[in-house]
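Structure first, commentary second.
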Amino acid sequence: MKIAMLSPECSPIAKVGGLADVVIGLSKSLQLQGHNVSIILPKYDCMRYDQISDLETVYYDLPVMYRGEWHANDVMSGIVEGVKCYFIDAKWYKNFFNRGKIYGENDDTDRFAFFTKAAMEFMFKVGMEPDIIHSHDWPTALANVLQREIYYKEGMRKPRLVYTVHNFAHQGIAHESVLGDLGVNSGVLPLECRENDYSVVNFMKSAVVYSDYVTTVSPNYANEVQLTEKGMGLQYLLNKYHHKFSGILNGIDDEYWNPKDDQYLSHHYDAKTIEKKYKNKEVLRERFLLRDEYKPIVAVVSRLVQQKGVDLIKHSIFYALEQGAQFVLLGSSPDPQISYEFSEIKAMLNDNPDCHLEFGFNEALSHLVYAGADMILIPSLFEPCGLTQLIGMRYGTVPVARFTGGLADTVHDVEYSRVAQKRRNGYTFIDANKAGLEFALGRAIDDWFNEPQQFRELVMNGMESDFSWKMSAKKYVKIYKYLHSRV
Ligand code: ADP
C-alpha cells in the first residue's frame with residue numbers, strides 16, 4: 001500500500017519526544033513489509049541536515065491558498081534512515097519553520113495548520129493519491145478535515161484517513177477563523193469538533209470525528225482515555241466513536257536502538273555478552289565524574305514536564321543516594337520554573353561523587369545513559385506509551401515505572417505481575433507519591449545489592465523481549481486494509 005505520514009517530528013532529524021521515534025520506526029517497518037511510505041514534514045531550520053541524504057528540491061513555488069491569498073512554497077525530498085521524506089519549505093510567510101525550534105511559538109496552531117494545508121496541496125498537485133493518509137497528534141490533525149472538506153471534493157477520493165494520538169494532553173485549540181484561513185467554510189464543522197465556546201475549534205476532536213480510524217499508542221492508555229479524566233475532555237467523543245478507536249502498542253526501531261552496533265557506543269554488547277555493558281558503565285561514570293564504586297546507577301532520560309512526575313523525579317534523586325545508589329539524569333524542560341528547580345538541586349549536589357544531572361537534549365548521550373545505567377526510572381503521572389522503558393530494556397537496563405498507560409502494558413513487576421516469570425522485567429508502583437516511588441525503587445536497589453541473580457534475570461528477560469515494530473506495524477496494516485475493504 002501507499003502510505004503518506006504527515007508529522008511535525010521525525011527521528012533523528014527533528015525530534016522533541018517519542019512521536020519522532022514512532023514516525024520513523026513505524027515507517028521503516030511498514031517499508032520492510034513491502035509498503036511504499038513517504039513522510040511529509042515541515043522544512044525546519046533546526047533539522048539535523050547531516051542525517052538527510054539526497055536532499056533536493058522537487059517542486060518549486062507550490063502555490064498554497066492561505067488567508068485568501070496564494071503563497072509559494074518549495075518542496076524538497078530526501079532520504080532519512082532509508083525512508084523517503086518530503087519537506088515543505090514555507091519560504092514566504094512569517095518564517096513559519098525557521099524559528100530555531102519545533103514547538104513553543106505563539107502561532108503554533110497557525111504554523112501547523114498551514115503545514116497541513118501545504119502538505120495536502122502538494123499531494124493533490126503531484127497526484128500522489130496515497131491509499132492512506134496517516135496523521136499524527138494535533139499538529140497534523142486538520143489534514144482529516146481538509147481531505148473531507150476540500151480535496152475529496154476536488155477528486156482525491158482514494159486516501160483513507162488514519163489518525164494517531166500520541167498524547168491527549170495537547171489538542172490544538174484555535175479560533176474557528178483558522179478554518180477560513182485554510183479555505184474551509186467554518187460553518188461546516190460539527191459542534192462536537194468544537195469547545196464549549198463554539199467559536200473555538202479543537203484540532204484533535206476534529207480529527208477524531210473526521211478520520212476513518214483513530215489509534216492511540218497503547219491498549220491500556222486507550223482504555224484510560226475512554227474511562228477516566230486522562231481523556232482530557234475527549235472521553236465522551238471517544239466513547240461515541242469507540243467502533244473506530246483502539247490502542248496499538250508502540251515499538252522501537254530495533255536497528256537504531258541496538259547495543260550490538262550502536263553508533264554512539266564504544267563498547268558493544270548483547271544478551272550473550274552482557275559483561276561488556278559494564279564497560280559502558282565505566283564510560284558513563286568517567287563522563288559524569290562519578291566515583292567507581294560497587295553501586296547501581298539509576299537513570300532518568302526525560303522531558304522534564306509535569307506529566308513525567310517531576311516531583312517524584314526530584315524525590316528519587318535523594319532517595320536513590322540515601323539507598324546507596326548513584327543517580328544520573330539527562331533532561332530538558334520547556335518550563336523555566338522546572339528548569340530552575342532542577343538547577344538548584346544540581347548546585348546543591350555539585351560535589352556529590354554519586355550524582356550527575358545533565359540538562360539539554362542530547363541524542364548521543366542518551367544512548368550512553370541507556371547502556372551505562374542499571375535502572376531507568378519513569379515515574380510518570382500519565383504515560384500514553386513511553387519509549388524509555390522499552391529502550392532501557394533493549395540495553396539491559398531495568399525499568400522502575402509507575403503502573404499507568406503504556407508503562408502498565410510493558411513493565412511487569414518482578415513480584416506483583418500476573419504475567420509468566422519469564423516475562424517479568426522490572427518494578428512498578430501504583431500510587432503517584434513518595435511512598436509509591438520508594439516501594440518500587442527501594443526494591444530495585446535492594447535486589448541489585450542483595451538478589452543479584454534475580455536482578456540479572458530481569459535484565460535478561462528485558463533484553464530478550466521483542467519490542468520491535470514488526471507486530472505493531474502489522475496491526476496498522478490490518479487497519480489500513482480494513483478501511484480499503486469497505487466501500
Ligand atoms: P515523550 O514522547 O513523552 O517525551 P517517550 O518516552 O515516548 O516520551 O519518548 C521519549 C524519547 O525522547 C526517547 O527516545 C528518549 O530517549 C528521548 N529523550 C527524552 N529526553 C531526552 C534528552 N534530554 N536527550 C535525548 N533524548 C531524550
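As shown in the C-alpha cells, the chain order sets the letters A, B, ...; within each chain, residues go from 1, and ligands are also counted from 1 in the order they appear.
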
Please check which protein, DNA or RNA residues sit within 8 Å of ligand 1, counting only C-alpha atoms and all ligand atoms, and write them as an mmCIF file with all heavy atoms, in the first residue's frame.
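Below you can see out09.cif, which holds the result:
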```
data_model
loop_
_atom_site.group_PDB
_atom_site.id
_atom_site.type_symbol
_atom_site.label_atom_id
_atom_site.label_comp_id
_atom_site.auth_asym_id
_atom_site.auth_seq_id
_atom_site.Cartn_x
_atom_site.Cartn_y
_atom_site.Cartn_z
ATOM 1 N N LYS A 15 13.453 15.985 16.349
ATOM 2 C CA LYS A 15 12.916 15.195 17.456
ATOM 3 C C LYS A 15 12.736 16.038 18.702
ATOM 4 O O LYS A 15 13.642 16.744 19.118
ATOM 5 C CB LYS A 15 13.878 14.032 17.754
ATOM 6 C CG LYS A 15 13.532 13.230 19.008
ATOM 7 C CD LYS A 15 14.284 11.925 19.062
ATOM 8 C CE LYS A 15 14.179 11.268 20.426
ATOM 9 N NZ LYS A 15 14.785 9.965 20.493
ATOM 10 N N VAL A 16 11.532 15.939 19.283
ATOM 11 C CA VAL A 16 11.293 16.521 20.599
ATOM 12 C C VAL A 16 11.039 15.392 21.590
ATOM 13 O O VAL A 16 11.517 15.414 22.716
ATOM 14 C CB VAL A 16 10.088 17.494 20.560
ATOM 15 C CG1 VAL A 16 9.748 17.994 21.955
ATOM 16 C CG2 VAL A 16 10.398 18.670 19.642
ATOM 17 N N GLY A 17 10.290 14.381 21.150
ATOM 18 C CA GLY A 17 9.991 13.257 22.039
ATOM 19 C C GLY A 17 9.672 12.009 21.244
ATOM 20 O O GLY A 17 10.107 11.856 20.086
ATOM 21 N N GLY A 18 8.878 11.137 21.869
ATOM 22 C CA GLY A 18 8.617 9.815 21.307
ATOM 23 C C GLY A 18 7.956 9.824 19.938
ATOM 24 O O GLY A 18 8.170 8.902 19.147
ATOM 25 N N LEU A 19 7.153 10.839 19.640
ATOM 26 C CA LEU A 19 6.496 10.905 18.333
ATOM 27 C C LEU A 19 7.506 10.757 17.193
ATOM 28 O O LEU A 19 7.252 10.068 16.204
ATOM 29 C CB LEU A 19 5.731 12.241 18.220
ATOM 30 C CG LEU A 19 5.223 12.654 16.848
ATOM 31 C CD1 LEU A 19 4.250 11.638 16.280
ATOM 32 C CD2 LEU A 19 4.542 14.027 16.925
ATOM 33 N N ALA A 20 8.655 11.400 17.357
ATOM 34 C CA ALA A 20 9.697 11.345 16.319
ATOM 35 C C ALA A 20 10.160 9.903 16.109
ATOM 36 O O ALA A 20 10.307 9.440 14.964
ATOM 37 C CB ALA A 20 10.878 12.219 16.728
ATOM 38 N N ASP A 21 10.371 9.172 17.208
ATOM 39 C CA ASP A 21 10.815 7.772 17.113
ATOM 40 C C ASP A 21 9.745 6.909 16.458
ATOM 41 O O ASP A 21 10.036 6.025 15.656
ATOM 42 C CB ASP A 21 11.086 7.192 18.511
ATOM 43 C CG ASP A 21 12.228 7.877 19.229
ATOM 44 O OD1 ASP A 21 13.378 7.637 18.882
ATOM 45 O OD2 ASP A 21 11.965 8.674 20.140
ATOM 46 N N HIS A 166 -0.767 10.640 20.106
ATOM 47 C CA HIS A 166 0.385 10.248 20.921
ATOM 48 C C HIS A 166 0.272 10.801 22.334
ATOM 49 O O HIS A 166 0.976 10.343 23.230
ATOM 50 C CB HIS A 166 1.682 10.719 20.246
ATOM 51 C CG HIS A 166 1.880 10.092 18.902
ATOM 52 N ND1 HIS A 166 2.776 9.066 18.679
ATOM 53 C CD2 HIS A 166 1.258 10.298 17.716
ATOM 54 C CE1 HIS A 166 2.696 8.697 17.403
ATOM 55 N NE2 HIS A 166 1.779 9.431 16.804
ATOM 56 N N ASN A 167 -0.598 11.805 22.503
ATOM 57 C CA ASN A 167 -0.784 12.362 23.841
ATOM 58 C C ASN A 167 -2.053 13.220 23.823
ATOM 59 O O ASN A 167 -2.116 14.199 23.079
ATOM 60 C CB ASN A 167 0.430 13.213 24.219
ATOM 61 C CG ASN A 167 0.465 13.527 25.696
ATOM 62 O OD1 ASN A 167 -0.585 13.595 26.346
ATOM 63 N ND2 ASN A 167 1.654 13.722 26.236
ATOM 64 N N VAL A 301 15.934 9.600 31.736
ATOM 65 C CA VAL A 301 16.111 10.306 30.453
ATOM 66 C C VAL A 301 14.722 10.817 30.091
ATOM 67 O O VAL A 301 13.823 10.022 29.799
ATOM 68 C CB VAL A 301 16.609 9.365 29.329
ATOM 69 C CG1 VAL A 301 16.739 10.130 28.009
ATOM 70 C CG2 VAL A 301 17.936 8.719 29.705
ATOM 71 N N SER A 302 14.531 12.132 30.157
ATOM 72 C CA SER A 302 13.152 12.595 30.029
ATOM 73 C C SER A 302 13.028 14.068 29.696
ATOM 74 O O SER A 302 13.902 14.859 30.048
ATOM 75 C CB SER A 302 12.458 12.349 31.378
ATOM 76 O OG SER A 302 11.098 12.620 31.302
ATOM 77 N N ARG A 303 11.916 14.397 29.049
ATOM 78 C CA ARG A 303 11.495 15.788 29.061
ATOM 79 C C ARG A 303 11.072 16.060 30.497
ATOM 80 O O ARG A 303 10.405 15.211 31.124
ATOM 81 C CB ARG A 303 10.278 15.975 28.136
ATOM 82 C CG ARG A 303 10.576 15.857 26.678
ATOM 83 C CD ARG A 303 9.348 16.170 25.830
ATOM 84 N NE ARG A 303 8.236 15.260 26.081
ATOM 85 C CZ ARG A 303 7.026 15.627 26.480
ATOM 86 N NH1 ARG A 303 6.746 16.896 26.670
ATOM 87 N NH2 ARG A 303 6.066 14.739 26.673
ATOM 88 N N LEU A 304 11.446 17.201 31.037
ATOM 89 C CA LEU A 304 11.077 17.481 32.420
ATOM 90 C C LEU A 304 9.817 18.345 32.414
ATOM 91 O O LEU A 304 9.876 19.573 32.374
ATOM 92 C CB LEU A 304 12.245 18.170 33.144
ATOM 93 C CG LEU A 304 13.515 17.303 33.226
ATOM 94 C CD1 LEU A 304 14.691 18.089 33.771
ATOM 95 C CD2 LEU A 304 13.256 16.056 34.071
ATOM 96 N N GLN A 307 3.855 15.980 33.424
ATOM 97 C CA GLN A 307 3.432 14.629 33.049
ATOM 98 C C GLN A 307 4.421 13.557 33.495
ATOM 99 O O GLN A 307 4.051 12.439 33.854
ATOM 100 C CB GLN A 307 3.264 14.550 31.522
ATOM 101 C CG GLN A 307 2.942 13.154 31.020
ATOM 102 C CD GLN A 307 3.253 12.963 29.543
ATOM 103 O OE1 GLN A 307 3.272 13.916 28.770
ATOM 104 N NE2 GLN A 307 3.487 11.725 29.144
ATOM 105 N N LYS A 308 5.703 13.889 33.462
ATOM 106 C CA LYS A 308 6.731 12.877 33.729
ATOM 107 C C LYS A 308 6.966 12.661 35.230
ATOM 108 O O LYS A 308 7.850 11.897 35.621
ATOM 109 C CB LYS A 308 8.047 13.272 33.050
ATOM 110 C CG LYS A 308 7.923 13.400 31.530
ATOM 111 C CD LYS A 308 7.645 12.064 30.861
ATOM 112 C CE LYS A 308 7.470 12.205 29.363
ATOM 113 N NZ LYS A 308 7.211 10.941 28.675
ATOM 114 N N LEU A 330 19.349 12.884 32.454
ATOM 115 C CA LEU A 330 19.518 13.647 31.211
ATOM 116 C C LEU A 330 18.132 14.183 30.885
ATOM 117 O O LEU A 330 17.215 13.417 30.582
ATOM 118 C CB LEU A 330 20.013 12.725 30.090
ATOM 119 C CG LEU A 330 20.053 13.348 28.689
ATOM 120 C CD1 LEU A 330 20.963 14.571 28.635
ATOM 121 C CD2 LEU A 330 20.504 12.311 27.661
ATOM 122 N N GLY A 331 17.977 15.493 31.014
ATOM 123 C CA GLY A 331 16.626 16.029 30.834
ATOM 124 C C GLY A 331 16.632 17.450 30.340
ATOM 125 O O GLY A 331 17.594 18.193 30.527
ATOM 126 N N SER A 332 15.529 17.799 29.677
ATOM 127 C CA SER A 332 15.393 19.190 29.243
ATOM 128 C C SER A 332 13.960 19.612 29.519
ATOM 129 O O SER A 332 13.042 18.782 29.484
ATOM 130 C CB SER A 332 15.701 19.321 27.756
ATOM 131 O OG SER A 332 14.804 18.519 27.030
ATOM 132 N N PHE A 359 21.626 18.778 31.743
ATOM 133 C CA PHE A 359 20.454 19.415 31.135
ATOM 134 C C PHE A 359 20.651 19.612 29.650
ATOM 135 O O PHE A 359 21.753 19.915 29.196
ATOM 136 C CB PHE A 359 20.162 20.753 31.819
ATOM 137 C CG PHE A 359 19.956 20.616 33.301
ATOM 138 C CD1 PHE A 359 20.614 21.450 34.194
ATOM 139 C CD2 PHE A 359 19.119 19.631 33.797
ATOM 140 C CE1 PHE A 359 20.442 21.292 35.566
ATOM 141 C CE2 PHE A 359 18.937 19.467 35.158
ATOM 142 C CZ PHE A 359 19.602 20.304 36.052
ATOM 143 N N GLY A 360 19.576 19.469 28.918
ATOM 144 C CA GLY A 360 19.622 19.666 27.466
ATOM 145 C C GLY A 360 19.143 18.410 26.768
ATOM 146 O O GLY A 360 18.910 17.374 27.408
ATOM 147 N N PHE A 361 18.975 18.533 25.460
ATOM 148 C CA PHE A 361 18.578 17.382 24.655
ATOM 149 C C PHE A 361 19.813 16.874 23.937
ATOM 150 O O PHE A 361 20.434 17.611 23.174
ATOM 151 C CB PHE A 361 17.496 17.790 23.640
ATOM 152 C CG PHE A 361 16.904 16.615 22.954
ATOM 153 C CD1 PHE A 361 15.785 15.993 23.468
ATOM 154 C CD2 PHE A 361 17.488 16.091 21.807
ATOM 155 C CE1 PHE A 361 15.242 14.877 22.844
ATOM 156 C CE2 PHE A 361 16.962 14.981 21.187
ATOM 157 C CZ PHE A 361 15.836 14.378 21.711
ATOM 158 N N ASN A 362 20.217 15.642 24.222
ATOM 159 C CA ASN A 362 21.465 15.135 23.668
ATOM 160 C C ASN A 362 21.286 13.666 23.266
ATOM 161 O O ASN A 362 21.339 12.767 24.116
ATOM 162 C CB ASN A 362 22.580 15.289 24.716
ATOM 163 C CG ASN A 362 23.943 14.956 24.151
ATOM 164 O OD1 ASN A 362 24.055 14.159 23.229
ATOM 165 N ND2 ASN A 362 24.959 15.574 24.704
ATOM 166 N N GLU A 363 21.035 13.477 21.985
ATOM 167 C CA GLU A 363 20.728 12.129 21.479
ATOM 168 C C GLU A 363 21.884 11.157 21.775
ATOM 169 O O GLU A 363 21.672 10.070 22.307
ATOM 170 C CB GLU A 363 20.469 12.207 19.971
ATOM 171 C CG GLU A 363 20.114 10.905 19.295
ATOM 172 C CD GLU A 363 18.717 10.412 19.652
ATOM 173 O OE1 GLU A 363 17.865 11.207 20.087
ATOM 174 O OE2 GLU A 363 18.496 9.195 19.505
ATOM 175 N N ALA A 364 23.104 11.567 21.450
ATOM 176 C CA ALA A 364 24.254 10.666 21.611
ATOM 177 C C ALA A 364 24.418 10.269 23.078
ATOM 178 O O ALA A 364 24.602 9.084 23.412
ATOM 179 C CB ALA A 364 25.517 11.362 21.102
ATOM 180 N N LEU A 365 24.304 11.246 23.946
ATOM 181 C CA LEU A 365 24.490 10.968 25.372
ATOM 182 C C LEU A 365 23.387 10.045 25.909
ATOM 183 O O LEU A 365 23.637 9.204 26.781
ATOM 184 C CB LEU A 365 24.505 12.300 26.133
ATOM 185 C CG LEU A 365 24.923 12.269 27.600
ATOM 186 C CD1 LEU A 365 26.256 11.562 27.786
ATOM 187 C CD2 LEU A 365 24.990 13.695 28.158
ATOM 188 N N SER A 366 22.170 10.190 25.339
ATOM 189 C CA SER A 366 21.086 9.331 25.833
ATOM 190 C C SER A 366 21.445 7.852 25.614
ATOM 191 O O SER A 366 21.168 7.006 26.466
ATOM 192 C CB SER A 366 19.755 9.683 25.164
ATOM 193 O OG SER A 366 19.715 9.243 23.821
ATOM 194 N N HIS A 367 22.128 7.551 24.517
ATOM 195 C CA HIS A 367 22.497 6.148 24.246
ATOM 196 C C HIS A 367 23.467 5.637 25.320
ATOM 197 O O HIS A 367 23.359 4.500 25.772
ATOM 198 C CB HIS A 367 23.123 6.021 22.852
ATOM 199 C CG HIS A 367 22.140 6.228 21.742
ATOM 200 N ND1 HIS A 367 21.857 5.270 20.785
ATOM 201 C CD2 HIS A 367 21.358 7.286 21.437
ATOM 202 C CE1 HIS A 367 20.943 5.737 19.939
ATOM 203 N NE2 HIS A 367 20.642 6.957 20.312
ATOM 204 N N GLU A 383 1.136 8.242 31.052
ATOM 205 C CA GLU A 383 2.120 7.946 30.008
ATOM 206 C C GLU A 383 1.439 7.196 28.867
ATOM 207 O O GLU A 383 1.108 6.013 28.998
ATOM 208 C CB GLU A 383 3.252 7.093 30.595
ATOM 209 C CG GLU A 383 4.457 6.952 29.703
ATOM 210 C CD GLU A 383 5.094 8.309 29.354
ATOM 211 O OE1 GLU A 383 5.788 8.884 30.201
ATOM 212 O OE2 GLU A 383 4.839 8.777 28.228
ATOM 213 N N PRO A 384 1.195 7.875 27.748
ATOM 214 C CA PRO A 384 0.487 7.220 26.633
ATOM 215 C C PRO A 384 1.110 5.865 26.260
ATOM 216 O O PRO A 384 0.424 4.850 26.202
ATOM 217 C CB PRO A 384 0.623 8.239 25.505
ATOM 218 C CG PRO A 384 0.670 9.564 26.226
ATOM 219 C CD PRO A 384 1.454 9.281 27.482
ATOM 220 N N CYS A 385 2.408 5.845 25.998
ATOM 221 C CA CYS A 385 3.090 4.556 25.815
ATOM 222 C C CYS A 385 4.382 4.585 26.610
ATOM 223 O O CYS A 385 4.611 3.808 27.502
ATOM 224 C CB CYS A 385 3.388 4.274 24.342
ATOM 225 S SG CYS A 385 4.296 2.732 24.153
ATOM 226 N N GLY A 386 5.240 5.558 26.282
ATOM 227 C CA GLY A 386 6.560 5.584 26.908
ATOM 228 C C GLY A 386 7.499 4.743 26.077
ATOM 229 O O GLY A 386 7.172 3.599 25.698
ATOM 230 N N LEU A 387 8.626 5.319 25.731
ATOM 231 C CA LEU A 387 9.620 4.552 24.973
ATOM 232 C C LEU A 387 10.850 4.272 25.813
ATOM 233 O O LEU A 387 11.581 3.315 25.559
ATOM 234 C CB LEU A 387 10.043 5.340 23.722
ATOM 235 C CG LEU A 387 8.952 5.598 22.689
ATOM 236 C CD1 LEU A 387 9.499 6.413 21.534
ATOM 237 C CD2 LEU A 387 8.367 4.283 22.182
ATOM 238 N N THR A 388 11.085 5.096 26.831
ATOM 239 C CA THR A 388 12.367 4.951 27.540
ATOM 240 C C THR A 388 12.446 3.624 28.288
ATOM 241 O O THR A 388 13.537 3.069 28.429
ATOM 242 C CB THR A 388 12.630 6.138 28.486
ATOM 243 O OG1 THR A 388 11.586 6.208 29.446
ATOM 244 C CG2 THR A 388 12.706 7.448 27.735
ATOM 245 N N GLN A 389 11.293 3.098 28.719
ATOM 246 C CA GLN A 389 11.346 1.777 29.363
ATOM 247 C C GLN A 389 11.706 0.701 28.335
ATOM 248 O O GLN A 389 12.425 -0.258 28.649
ATOM 249 C CB GLN A 389 10.020 1.465 30.082
ATOM 250 C CG GLN A 389 8.861 0.984 29.226
ATOM 251 C CD GLN A 389 8.139 2.127 28.511
ATOM 252 O OE1 GLN A 389 8.633 3.236 28.403
ATOM 253 N NE2 GLN A 389 6.958 1.839 28.010
ATOM 254 N N ILE A 391 13.444 1.178 25.459
ATOM 255 C CA ILE A 391 14.851 1.342 25.073
ATOM 256 C C ILE A 391 15.739 0.816 26.204
ATOM 257 O O ILE A 391 16.712 0.087 25.969
ATOM 258 C CB ILE A 391 15.178 2.828 24.780
ATOM 259 C CG1 ILE A 391 14.264 3.384 23.681
ATOM 260 C CG2 ILE A 391 16.641 2.991 24.388
ATOM 261 C CD1 ILE A 391 14.318 4.905 23.499
#
```

Please list as a ChimeraX atom specification every residue within 10 Å of Thr164 (chain A), counting only C-alpha atoms and excluding residues in the same chain fewer than 6 positions away.
/A:19,134-138,140-141,204,207-208,211,213-217,245-248

Could you produce a table of the residues of region 84-165 of chain A lying within 12 Å of region 47-66 of chain A, with the nearest pair of atoms per residue and their separation in Å rounded to one decimal, using only C-alpha atoms, ordered by chain and increasing residue number, as a Markdown table?
```
| residue | atom | partner | partner_atom | distance |
| --- | --- | --- | --- | --- |
| A:Lys84 | CA | A:Ser53 | CA | 9.7 |
| A:Cys85 | CA | A:Ile52 | CA | 9.0 |
| A:Tyr86 | CA | A:Val58 | CA | 8.8 |
| A:Phe87 | CA | A:Thr57 | CA | 9.0 |
| A:Ile88 | CA | A:Leu62 | CA | 9.4 |
| A:Asp89 | CA | A:Asp61 | CA | 9.6 |
| A:Ala90 | CA | A:Leu62 | CA | 9.6 |
| A:Lys91 | CA | A:Asp61 | CA | 9.3 |
| A:Trp92 | CA | A:Asp61 | CA | 10.0 |
| A:Tyr93 | CA | A:Tyr66 | CA | 10.2 |
| A:Phe97 | CA | A:Met47 | CA | 10.1 |
| A:Asn98 | CA | A:Met47 | CA | 9.9 |
| A:Arg99 | CA | A:Met47 | CA | 11.1 |
| A:Gly100 | CA | A:Met47 | CA | 8.9 |
| A:Lys101 | CA | A:Met47 | CA | 8.9 |
| A:Ile102 | CA | A:Met47 | CA | 9.1 |
| A:Asp110 | CA | A:Tyr66 | CA | 10.2 |
| A:Arg111 | CA | A:Tyr66 | CA | 11.3 |
| A:Ala113 | CA | A:Tyr66 | CA | 9.8 |
| A:Phe114 | CA | A:Tyr66 | CA | 7.3 |
| A:Phe115 | CA | A:Val64 | CA | 9.9 |
| A:Thr116 | CA | A:Val64 | CA | 10.6 |
| A:Lys117 | CA | A:Val64 | CA | 7.4 |
| A:Ala118 | CA | A:Val64 | CA | 6.0 |
| A:Ala119 | CA | A:Val64 | CA | 9.4 |
| A:Met120 | CA | A:Val64 | CA | 9.6 |
| A:Glu121 | CA | A:Val64 | CA | 6.8 |
| A:Phe122 | CA | A:Leu62 | CA | 7.2 |
| A:Met123 | CA | A:Leu62 | CA | 10.8 |
| A:Phe124 | CA | A:Leu62 | CA | 11.0 |
| A:Lys125 | CA | A:Leu62 | CA | 8.4 |
| A:Val126 | CA | A:Tyr59 | CA | 9.0 |
| A:Ile150 | CA | A:Met65 | CA | 11.9 |
```

Those in region 139-368 of chain A with helix (DSSP H, G or I) from DSSP, as a ChimeraX atom specification:
/A:139-140,143-154,177-182,186-188,191-193,203-210,219-227,229-231,235-240,242-244,271-288,306-308,310-322,336-348,363-368

Just checking: using only C-alpha atoms, which residue out of A:Pro259, A:Gly309, A:Pro353, A:Gly426 ends up closest to Pro379 (chain A)?
A:Gly309

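Compared by their closest atoms to Ser472 (chain A), and using only C-alpha atoms, the residues A:Gln147, A:Asn220, A:Ser29, A:Ser339 rank with A:Ser29 nearest.
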
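Taking CA of Tyr482 (chain A) and CA of Arg160 (chain A) as endpoints, the distance between them is 10.1 Å.
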
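Among the candidates A:Gly172, A:Pro336, A:Gly251, A:Gly68, the residue lying nearest to Lys28 (chain A) is A:Gly251 (atoms considered: only C-alpha atoms).
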
Using DSSP on the backbone coordinates, identify the residues of region 53-195 of chain A assigned to strand (DSSP E or B); present them as a PyMOL selection string.
chain A and resi 53-66+69-80+83-89+132-136+160-165+173-175+194

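Distance check against Val300 (chain A) using only C-alpha atoms: of A:Tyr370, A:Phe403, A:Tyr476, A:Phe467, the minimum falls on A:Tyr370.
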
Determine, counting only C-alpha atoms, which protein, DNA and RNA residues have an atom within 9 Å of an atom of Arg194 (chain A); residues of the same chain fewer than 4 positions away are not included. Present the result as a PyMOL selection string.
chain A and resi 173+176+189-190+198-203+205-206

Using all heavy atoms, can you export the residues from the last selection as a compact mmCIF listing (two decimals), in the first residue's frame?
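As a result, result_22.txt now contains:
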```
# COMPACT_ATOMS: atom_id res chain seq x y z
N ILE A 173 -5.90 24.06 19.97
CA ILE A 173 -7.13 24.84 20.15
C ILE A 173 -6.94 26.18 19.46
O ILE A 173 -5.94 26.87 19.73
CB ILE A 173 -7.38 25.12 21.66
CG1 ILE A 173 -7.27 23.84 22.51
CG2 ILE A 173 -8.71 25.84 21.90
CD1 ILE A 173 -8.44 22.94 22.45
N GLU A 176 -12.12 29.59 15.29
CA GLU A 176 -12.55 28.94 14.04
C GLU A 176 -12.07 29.65 12.78
O GLU A 176 -12.11 29.08 11.69
CB GLU A 176 -14.08 28.81 14.00
CG GLU A 176 -14.80 30.13 13.99
CD GLU A 176 -16.32 29.99 13.91
OE1 GLU A 176 -16.80 28.86 13.77
OE2 GLU A 176 -16.99 31.02 13.99
N LEU A 189 -18.16 22.71 10.16
CA LEU A 189 -17.55 21.88 11.22
C LEU A 189 -18.58 21.58 12.31
O LEU A 189 -19.10 22.49 12.95
CB LEU A 189 -16.34 22.61 11.82
CG LEU A 189 -15.37 21.69 12.55
CD1 LEU A 189 -14.47 20.97 11.56
CD2 LEU A 189 -14.52 22.46 13.55
N PRO A 190 -18.87 20.29 12.57
CA PRO A 190 -19.87 19.94 13.58
C PRO A 190 -19.51 20.47 14.97
O PRO A 190 -18.33 20.67 15.28
CB PRO A 190 -19.85 18.40 13.59
CG PRO A 190 -19.13 17.99 12.37
CD PRO A 190 -18.25 19.11 11.95
N TYR A 198 -18.41 27.68 21.08
CA TYR A 198 -18.45 27.07 19.75
C TYR A 198 -17.58 27.76 18.71
O TYR A 198 -17.32 27.21 17.65
CB TYR A 198 -19.90 27.01 19.24
CG TYR A 198 -20.77 26.05 20.01
CD1 TYR A 198 -22.13 26.29 20.15
CD2 TYR A 198 -20.23 24.90 20.58
CE1 TYR A 198 -22.94 25.40 20.86
CE2 TYR A 198 -21.03 24.02 21.29
CZ TYR A 198 -22.38 24.27 21.42
OH TYR A 198 -23.16 23.41 22.12
N SER A 199 -17.14 28.97 19.03
CA SER A 199 -16.29 29.64 18.04
C SER A 199 -14.85 29.13 18.11
O SER A 199 -13.99 29.56 17.34
CB SER A 199 -16.31 31.16 18.26
OG SER A 199 -15.63 31.47 19.45
N VAL A 200 -14.59 28.21 19.04
CA VAL A 200 -13.23 27.69 19.20
C VAL A 200 -13.15 26.24 18.70
O VAL A 200 -13.94 25.39 19.13
CB VAL A 200 -12.78 27.77 20.68
CG1 VAL A 200 -11.40 27.16 20.86
CG2 VAL A 200 -12.79 29.21 21.15
N VAL A 201 -12.21 26.00 17.80
CA VAL A 201 -12.07 24.68 17.19
C VAL A 201 -11.02 23.87 17.94
O VAL A 201 -9.97 24.40 18.33
CB VAL A 201 -11.61 24.85 15.72
CG1 VAL A 201 -11.19 23.54 15.11
CG2 VAL A 201 -12.70 25.50 14.91
N ASN A 202 -11.31 22.58 18.16
CA ASN A 202 -10.34 21.67 18.77
C ASN A 202 -9.83 20.74 17.66
O ASN A 202 -10.59 19.95 17.10
CB ASN A 202 -11.04 20.89 19.88
CG ASN A 202 -10.11 19.94 20.60
OD1 ASN A 202 -9.38 19.19 19.97
ND2 ASN A 202 -10.15 19.96 21.92
N PHE A 203 -8.54 20.87 17.33
CA PHE A 203 -7.97 20.11 16.21
C PHE A 203 -8.12 18.60 16.42
O PHE A 203 -8.45 17.85 15.51
CB PHE A 203 -6.47 20.42 16.03
CG PHE A 203 -6.15 21.81 15.55
CD1 PHE A 203 -7.04 22.86 15.66
CD2 PHE A 203 -4.90 22.08 14.98
CE1 PHE A 203 -6.72 24.13 15.22
CE2 PHE A 203 -4.56 23.34 14.53
CZ PHE A 203 -5.47 24.37 14.65
N LYS A 205 -10.19 16.88 18.42
CA LYS A 205 -11.59 16.41 18.32
C LYS A 205 -11.99 16.32 16.85
O LYS A 205 -12.66 15.37 16.44
CB LYS A 205 -12.52 17.39 19.04
CG LYS A 205 -12.49 17.34 20.55
CD LYS A 205 -13.50 18.34 21.11
CE LYS A 205 -13.44 18.40 22.63
NZ LYS A 205 -14.29 19.49 23.16
N SER A 206 -11.56 17.31 16.07
CA SER A 206 -11.94 17.32 14.65
C SER A 206 -11.40 16.07 13.94
O SER A 206 -12.10 15.44 13.14
CB SER A 206 -11.39 18.57 13.95
OG SER A 206 -11.81 19.72 14.63
```

Quick one: residues within 10 Å of Glu341 (chain A), only C-alpha atoms counted, chain neighbours fewer than 4 positions away excluded, as a ChimeraX atom specification?
/A:310-311,314,336-337,345-346
